[in-house]
Structure formats: C-alpha cells, structure tokens
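Novice: Sharing work-v1.txt here; it has compact mmCIF, C-alpha atoms and all ligand atoms.
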# COMPACT_ATOMS: atom_id res chain seq x y z
CA MET H 1 0.00 0.00 0.00
CA SER H 2 1.59 3.29 -1.01
CA TYR H 3 0.33 6.54 0.45
CA ILE H 4 1.54 9.98 1.37
CA ILE H 5 0.74 12.05 4.44
CA ARG H 6 0.38 15.75 3.70
CA PRO H 7 -1.42 18.89 4.97
CA TRP H 8 -4.86 19.13 3.41
CA ALA H 9 -5.58 21.36 0.42
CA LEU H 10 -8.76 23.10 -0.74
CA GLU H 11 -9.57 20.29 -3.17
CA ASP H 12 -9.70 17.84 -0.22
CA LEU H 13 -12.64 19.61 1.47
CA LYS H 14 -15.39 17.29 0.26
CA ALA H 15 -13.43 14.12 0.94
CA VAL H 16 -12.47 15.30 4.44
CA MET H 17 -16.07 16.29 5.22
CA ARG H 18 -17.18 12.81 4.17
CA LEU H 19 -14.59 11.25 6.50
CA VAL H 20 -15.66 13.59 9.34
CA ARG H 21 -19.21 12.31 8.89
CA GLU H 22 -18.02 8.67 8.77
CA SER H 23 -16.12 9.23 11.99
CA ALA H 24 -19.21 10.80 13.61
CA SER H 25 -21.30 7.79 12.49
CA LEU H 26 -18.87 5.51 14.26
CA HIS H 27 -19.62 7.49 17.43
CA LYS H 28 -23.39 7.35 16.65
CA ALA H 29 -23.29 11.16 16.55
CA LEU H 30 -23.96 11.98 12.90
CA ASP H 31 -26.88 14.20 13.97
CA GLN H 32 -24.40 16.35 15.94
CA VAL H 33 -22.28 17.30 12.91
CA LYS H 34 -23.05 20.95 12.19
CA THR H 35 -19.92 21.82 10.23
CA THR H 36 -20.06 22.02 6.43
CA PRO H 37 -17.30 22.07 3.80
CA GLU H 38 -17.75 25.87 3.64
CA ILE H 39 -17.26 26.25 7.42
CA LEU H 40 -14.18 24.02 7.36
CA ARG H 41 -12.82 26.00 4.39
CA ASP H 42 -13.35 29.35 6.15
CA GLU H 43 -11.86 28.17 9.47
CA GLY H 44 -9.08 26.01 8.06
CA PHE H 45 -7.69 28.04 5.18
CA ARG H 46 -7.64 31.60 6.48
CA LYS H 47 -4.35 33.22 7.50
CA ASP H 48 -4.80 32.54 11.23
CA ALA H 49 -6.45 29.14 10.64
CA THR H 50 -8.37 27.70 13.61
CA PHE H 51 -6.99 24.21 13.04
CA GLY H 52 -4.65 22.14 10.89
CA CYS H 53 -5.58 18.97 9.05
CA LEU H 54 -3.35 16.19 7.76
CA VAL H 55 -4.62 13.73 5.17
CA ALA H 56 -3.46 10.36 3.87
CA GLU H 57 -3.65 10.07 0.08
CA VAL H 58 -3.33 6.73 -1.67
CA SER H 59 -2.23 6.25 -5.28
CA PRO H 60 -5.01 6.44 -7.93
CA GLU H 61 -5.16 2.65 -8.40
CA GLN H 62 -5.71 2.13 -4.66
CA ARG H 63 -8.66 4.52 -4.33
CA SER H 64 -11.50 3.64 -1.95
CA LYS H 65 -14.75 1.96 -3.06
CA GLU H 66 -16.25 5.46 -3.41
CA GLY H 67 -13.37 6.50 -5.68
CA ASP H 68 -11.61 8.78 -3.21
CA ALA H 69 -7.84 8.93 -2.81
CA ILE H 70 -8.13 10.71 0.59
CA VAL H 71 -8.71 7.79 2.96
CA ALA H 72 -7.77 9.17 6.40
CA TYR H 73 -7.36 12.45 8.27
CA GLN H 74 -6.08 13.96 11.48
CA PHE H 75 -7.27 17.35 12.83
CA HIS H 76 -5.26 19.36 15.36
CA TYR H 77 -5.01 22.80 16.92
CA LEU H 78 -2.93 24.61 19.51
CA THR H 79 -4.14 24.89 23.06
CA TYR H 80 -2.35 26.11 26.16
CA CYS H 81 -1.71 24.83 29.65
CA THR H 82 -0.59 27.30 32.35
CA TRP H 83 1.65 24.56 33.79
CA ASP H 84 3.13 23.13 30.61
CA GLY H 85 2.77 25.77 27.91
CA ARG H 86 1.79 24.84 24.38
CA ILE H 87 -0.15 21.64 23.72
CA LEU H 88 -1.23 20.20 20.39
CA PHE H 89 -4.79 18.95 20.67
CA GLY H 90 -5.64 16.06 18.36
CA GLU H 91 -9.30 16.56 17.59
CA ASP H 92 -9.92 13.60 15.29
CA LEU H 93 -8.04 10.66 13.82
CA TYR H 94 -9.87 8.48 11.34
CA VAL H 95 -8.79 5.84 8.81
CA GLN H 96 -11.40 4.29 6.50
CA PRO H 97 -12.08 0.66 7.49
CA GLU H 98 -10.59 -0.91 4.33
CA PHE H 99 -7.30 0.99 4.88
CA ARG H 100 -6.77 0.17 8.58
CA GLY H 101 -3.88 -1.91 9.88
CA LYS H 102 -1.51 -0.65 7.14
CA GLY H 103 0.38 1.94 9.17
CA ILE H 104 -1.67 4.97 8.02
CA GLY H 105 -2.94 5.95 11.50
CA SER H 106 0.58 5.74 12.95
CA SER H 107 1.99 7.77 10.05
CA LEU H 108 -0.63 10.48 10.56
CA LEU H 109 0.26 10.67 14.26
CA ALA H 110 3.99 10.68 13.45
CA THR H 111 3.42 13.71 11.21
CA ALA H 112 1.24 15.34 13.91
CA ALA H 113 4.17 14.76 16.30
CA LYS H 114 6.45 16.67 13.90
CA VAL H 115 3.90 19.51 13.88
CA ALA H 116 3.87 19.43 17.72
CA LEU H 117 7.68 19.67 17.87
CA ALA H 118 7.78 22.44 15.26
CA LYS H 119 5.24 24.40 17.33
CA ARG H 120 7.23 23.77 20.54
CA CYS H 121 4.47 21.74 22.21
CA SER H 122 5.18 19.71 25.33
CA GLN H 123 2.22 17.32 24.85
CA ILE H 124 -0.23 15.96 22.32
CA ARG H 125 -3.65 15.62 23.96
CA PHE H 126 -6.80 14.01 22.63
CA ILE H 127 -10.07 12.48 23.77
CA SER H 128 -10.69 8.80 23.19
CA ALA H 129 -14.07 7.12 23.83
CA ALA H 130 -14.00 4.66 26.75
CA TRP H 131 -15.80 2.02 24.62
CA ASN H 132 -13.22 2.26 21.82
CA GLN H 133 -10.78 -0.41 23.00
CA PRO H 134 -9.04 -0.76 19.59
CA ALA H 135 -8.25 2.97 19.63
CA THR H 136 -7.11 2.77 23.28
CA ASP H 137 -4.75 -0.08 22.35
CA PHE H 138 -3.51 1.80 19.29
CA TYR H 139 -2.73 4.96 21.30
CA ALA H 140 -1.16 2.99 24.17
CA LYS H 141 1.27 1.42 21.67
CA LEU H 142 2.27 4.94 20.62
CA GLY H 143 2.96 5.94 24.24
CA ALA H 144 -0.30 7.63 25.29
CA LEU H 145 -1.18 7.74 29.00
CA ASN H 146 -4.79 7.81 30.21
CA VAL H 147 -4.67 11.05 32.22
CA THR H 148 -8.40 10.84 33.01
CA ILE H 149 -7.57 7.83 35.17
CA ARG H 150 -4.14 8.96 36.34
CA ASN H 151 -5.24 12.48 37.35
CA SER H 152 -8.93 11.73 38.08
CA TRP H 153 -10.03 14.31 35.50
CA ASN H 154 -13.57 14.92 34.22
CA LEU H 155 -14.07 16.32 30.74
CA CYS H 156 -16.57 19.22 30.98
CA SER H 157 -18.32 21.38 28.43
CA ILE H 158 -20.43 24.53 28.71
CA GLU H 159 -22.70 24.39 25.69
CA GLU H 160 -23.96 27.31 23.61
CA GLU H 161 -27.21 28.05 25.46
CA HIS H 162 -25.33 28.16 28.77
CA ILE H 163 -22.50 30.22 27.30
CA ARG H 164 -25.08 32.84 26.30
CA ARG H 165 -26.68 32.78 29.76
CA LEU H 166 -23.29 32.97 31.43
CA ALA H 167 -22.19 35.92 29.26
CA GLU H 168 -25.36 37.99 29.86
CA PRO H 169 -24.22 39.84 33.04
CA ALA H 170 -20.84 40.54 31.42
CA THR H 171 -22.36 42.12 28.30
CA GLU H 172 -24.89 44.39 30.07
C1 LIG H 201 -7.43 3.67 15.46
C2 LIG H 201 -6.98 3.91 14.01
C3 LIG H 201 -6.79 5.40 13.77
C4 LIG H 201 -5.66 3.17 13.79
O1 LIG H 201 -5.20 3.44 12.48
P1 LIG H 201 -4.55 2.28 11.60
O2 LIG H 201 -4.05 2.88 10.34
O3 LIG H 201 -5.48 1.16 11.49
O4 LIG H 201 -3.34 1.85 12.58
P2 LIG H 201 -1.89 1.36 12.14
O5 LIG H 201 -2.01 0.46 10.96
O6 LIG H 201 -0.98 2.53 12.03
O7 LIG H 201 -1.51 0.48 13.40
C5 LIG H 201 -0.55 0.88 14.36
C6 LIG H 201 -0.46 -0.13 15.45
O8 LIG H 201 -1.69 -0.16 16.18
C7 LIG H 201 -2.23 -1.46 16.13
N1 LIG H 201 -3.66 -1.37 15.86
C8 LIG H 201 -4.25 -0.71 14.88
N2 LIG H 201 -5.57 -0.89 14.90
C9 LIG H 201 -5.78 -1.70 15.94
C10 LIG H 201 -6.92 -2.28 16.47
N3 LIG H 201 -8.13 -2.07 15.90
N4 LIG H 201 -6.79 -3.07 17.57
C11 LIG H 201 -5.57 -3.29 18.13
N5 LIG H 201 -4.44 -2.76 17.64
C12 LIG H 201 -4.56 -1.99 16.58
C13 LIG H 201 -1.58 -2.16 14.96
O9 LIG H 201 -1.53 -3.55 15.18
C14 LIG H 201 -0.23 -1.53 14.92
O10 LIG H 201 0.64 -2.15 15.80
P3 LIG H 201 2.07 -2.71 15.27
O11 LIG H 201 2.79 -1.50 14.75
O12 LIG H 201 2.67 -3.28 16.50
O13 LIG H 201 1.72 -3.68 14.21
C15 LIG H 201 -8.01 3.32 13.01
O14 LIG H 201 -8.25 1.99 13.32
C16 LIG H 201 -9.35 4.07 12.97
O15 LIG H 201 -9.53 5.03 12.23
N6 LIG H 201 -10.32 3.62 13.78
C17 LIG H 201 -11.63 4.23 13.80
C18 LIG H 201 -11.60 5.65 14.34
C19 LIG H 201 -10.94 5.74 15.67
O16 LIG H 201 -11.16 4.90 16.53
N7 LIG H 201 -10.12 6.79 15.84
C20 LIG H 201 -9.36 7.02 17.04
C21 LIG H 201 -10.15 7.57 18.14
S1 LIG H 201 -10.75 9.20 17.86
Starting from the coordinates I provided, produce the structure as structure tokens.
Specialist:
Amino acid sequence: MSYIIRPWALEDLKAVMRLVRESASLHKALDQVKTTPEILRDEGFRKDATFGCLVAEVSPEQRSKEGDAIVAYQFHYLTYCTWDGRILFGEDLYVQPEFRGKGIGSSLLATAAKVALAKRCSQIRFISAAWNQPATDFYAKLGALNVTIRNSWNLCSIEEEHIRRLAEPATE
C-alpha cells in the first residue's frame, strides 16, 4: 500500500467532510455534525487558521470503493496549559475501514508529532471514547497515558445556550 501524508488542500474539502461524517457515524453522533465544507474551508484556510488537518492520500489505483484517494485524516489545533505551555490537541483521527492496519494511523500521528515539535508543544492531547478499545490499544502502543484515570479528571463542556446565559451579566 503506497500513500503519502500531507497537509490538506482546498480540493480535499469534500473528501475530508465525508470522512468527518463517517467518523461521527462511528460514534453514533452523525446528527451532531453541524460543520459544512464551507465552514471548514473558512476556518481552516484563512491566514490565522483555527486548526490544521493532515490527510493520507493513496495512489489512484488504490482509491476507496467510493473512488476517493483521501482515505484518512487527522485534525489538530494549539491549546495552552498554564503549567506546561503549548499543547497540540488532536481533535480527530480516522482511517477508513478498508485501509486500517496498514500503518496509516501511525503515520498520521507521526506527522502530527512533527507539527507538535515544530510548534514547541510539550504534549499531544486528545479524547478517546472509553468504549473504543481498539483505539485505546492503538494509542497505548504509541505511548499515550490515560490522564483521566491517572489524574482523576472529568471532561466538561459549557454548551452554547449556557455560554449565552453565562455571558449575559458581562455584556450588560
Ligand atoms: C485507530 C486507528 C486510527 C488506527 O489506524 P490504523 O491505520 O489502522 O493503525 P496502524 O495500521 O498505524 O496500526 C498501528 C499499530 O496499532 C495497532 N492497531 C491498529 N488498529 C488496531 C486495532 N483495531 N486493535 C488493536 N491494535 C490496533 C496495529 O496492530 C499496529 O501495531 P504494530 O505496529 O505493533 O503492528 C483506526 O483503526 C481508525 O480510524 N479507527 C476508527 C476511528 C478511531 O477509533 N479513531 C481514534 C479515536 S478518535
């Protein structure tokens, strides 16, 4: 299997959006996907892009059943820890089922690691679903520690309605 890992380009938008939706389906969360190719284009390709995206592209003769050469992606962005400084957050890592077990996921993370070093990050962080044992095993092989268990952390989110309510006194 020959493939290259590279930063995404504008012509990859549709293929990446399809993979984002496949990944959401795996999490039974397709109804929660509100991004569109246009939103990803506006956020991902402007000068101060919100995130970076790496893609795996196979040779034309190895295209997927749907005819796409983009078969995997990895999203990341910079975040900051007051204790550790810069952190690269890995938002998503997804390889299409027929291309798994061929080193593509590891290669994407290896390239993300180069991005992390280039941006002077001290950690790569990500969220992995507790039910997803294959992913847990995959990440453990690459050296990931489960800090939720080690540090007794809870992942919390203030969602839009509550953000608005919370901001009201501050905007009066
Ligand atoms: C998890 C995932 C990204 C791994 O990508 P991949 O291209 O299949 O992984 P690789 O071929 O690079 O495998 C790297 C190592 O992990 C192991 N591995 C990969 N998938 C595995 C699985 N399902 N179960 C156990 N080990 C696995 C491989 O055996 C390999 O180990 P080795 O180097 O000792 O042989 C891919 O299976 C995937 O997209 N899964 C669905 C989405 C997902 O779970 N994403 C991560 C959580 S957000």
Novice: Excluding stretch 120-126 of chain H and residues on its chain fewer than 5 positions from it, collect all residues at most 6 Å away from it, counting all atoms listed in the file, and give them as number ranges by chain.
Specialist: H: 86-90
Novice: For the contact check between chain H and ligand LIG 201 (chain H), emit one row per residue of chain H within 9 Å, containing the shortest atom pair and the distance in Å rounded to one decimal, counting only C-alpha atoms and all ligand atoms, chain then rising number order, as a tab-separated table.
Specialist:
residue	atom	partner	partner_atom	distance
H:Ser23	CA	H:LIG201	C18	6.2
H:Leu26	CA	H:LIG201	C18	7.3
H:His27	CA	H:LIG201	C18	8.8
H:Ala72	CA	H:LIG201	O15	7.4
H:Tyr73	CA	H:LIG201	O15	8.7
H:Gln74	CA	H:LIG201	C3	8.9
H:Gly90	CA	H:LIG201	S1	8.6
H:Glu91	CA	H:LIG201	S1	7.5
H:Asp92	CA	H:LIG201	S1	5.2
H:Leu93	CA	H:LIG201	N7	4.8
H:Tyr94	CA	H:LIG201	O15	3.6
H:Val95	CA	H:LIG201	O15	3.6
H:Gln96	CA	H:LIG201	O15	6.1
H:Pro97	CA	H:LIG201	O15	6.9
H:Phe99	CA	H:LIG201	O2	6.6
H:Arg100	CA	H:LIG201	O3	3.3
H:Gly101	CA	H:LIG201	O5	3.2
H:Lys102	CA	H:LIG201	O5	4.0
H:Gly103	CA	H:LIG201	O6	3.2
H:Ile104	CA	H:LIG201	O2	3.9
H:Gly105	CA	H:LIG201	O2	3.5
H:Ser106	CA	H:LIG201	O6	3.7
H:Ser107	CA	H:LIG201	O6	6.3
H:Leu108	CA	H:LIG201	O6	8.1
H:Leu109	CA	H:LIG201	O6	8.5
H:Phe126	CA	H:LIG201	S1	7.8
H:Ile127	CA	H:LIG201	S1	6.8
H:Ser128	CA	H:LIG201	C21	5.2
H:Ala129	CA	H:LIG201	C21	6.9
H:Asn132	CA	H:LIG201	O16	6.3
H:Gln133	CA	H:LIG201	N4	7.2
H:Pro134	CA	H:LIG201	N4	3.8
H:Ala135	CA	H:LIG201	C1	4.3
H:Thr136	CA	H:LIG201	C21	7.7
H:Asp137	CA	H:LIG201	C11	5.4
H:Phe138	CA	H:LIG201	O8	4.1
H:Tyr139	CA	H:LIG201	O8	7.3
H:Ala140	CA	H:LIG201	O8	8.6
H:Lys141	CA	H:LIG201	O8	6.4
H:Leu142	CA	H:LIG201	C6	7.7
Novice: Would you kindly return, as a list in words, each protein, DNA or RNA residue with an atom no farther than 8 Å from any atom of H:Ser64, considering all atoms listed in the file and excluding same-chain residues fewer than 5 positions away?
Specialist: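 My list of contacting residues is Ala69, Val71 and Glu98 of chain H.
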Novice: Find the residues around H:Thr35 up to 10 Å (only C-alpha atoms counted), leave out those fewer than 6 positions away in its own chain, and share them as a PyMOL selection string.
Specialist: chain H and resi 17+20-21
Novice: Residues within 10 Å of H:Leu10, please, as a ChimeraX atom specification. Count only C-alpha atoms; anything in the same chain fewer than 6 positions from it doesn't count.
Specialist: /H:37,40-41,44-45
Novice: Could you work out how far atom CA of H:Glu43 lies from atom CA of H:Asp68, giving the answer in Å with one decimal?
Specialist: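 Value for the atom CA of H:Asp68-atom CA of H:Glu43 distance: 23.2 Å.
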Novice: What are the centre and edge lengths in Å, to one decimal, of the axis-aligned box around all listed atoms of stretch 69-85 of chain H with 5 Å added on each side, as lines of an AutoDock Vina configuration file?
Specialist:
center_x = -2.8
center_y = 17.5
center_z = 15.5
size_x = 21.8
size_y = 29.5
size_z = 46.6
Novice: I'd like the interatomic distance between atom CA of H:Leu54 and atom CA of H:Ala112, to a tenth of an Å.
Specialist: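 The value is 7.7 Å.
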Novice: How many Å lie between atom CA of H:Ile5 and atom CA of H:Phe51, rounded to one decimal?
Specialist: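 Atom-to-atom, atom CA of H:Ile5 to atom CA of H:Phe51, that is 16.8 Å.
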Novice: List the neighbours of H:Glu57 out to 6 Å using only C-alpha atoms; skip same-chain residues closer than 6 positions along the sequence, and give me the result as a VMD selection string.
Specialist: chain H and resid 3 to 4 69 to 70
Novice: Measuring between only C-alpha atoms, which one of H:Tyr77, H:Pro60, H:Thr111, H:Trp83 shows the shortest distance to H:Arg6?
Specialist: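 Among the listed residues, H:Thr111 lies closest to H:Arg6.
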Novice: Of the candidates H:Lys34, H:His76, H:His162, H:Lys28, which shows the shortest atom-to-atom distance to H:Gly52, using only C-alpha atoms?
Specialist: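 Looking only at the distances to H:Gly52, the closest residue turns out to be H:His76.
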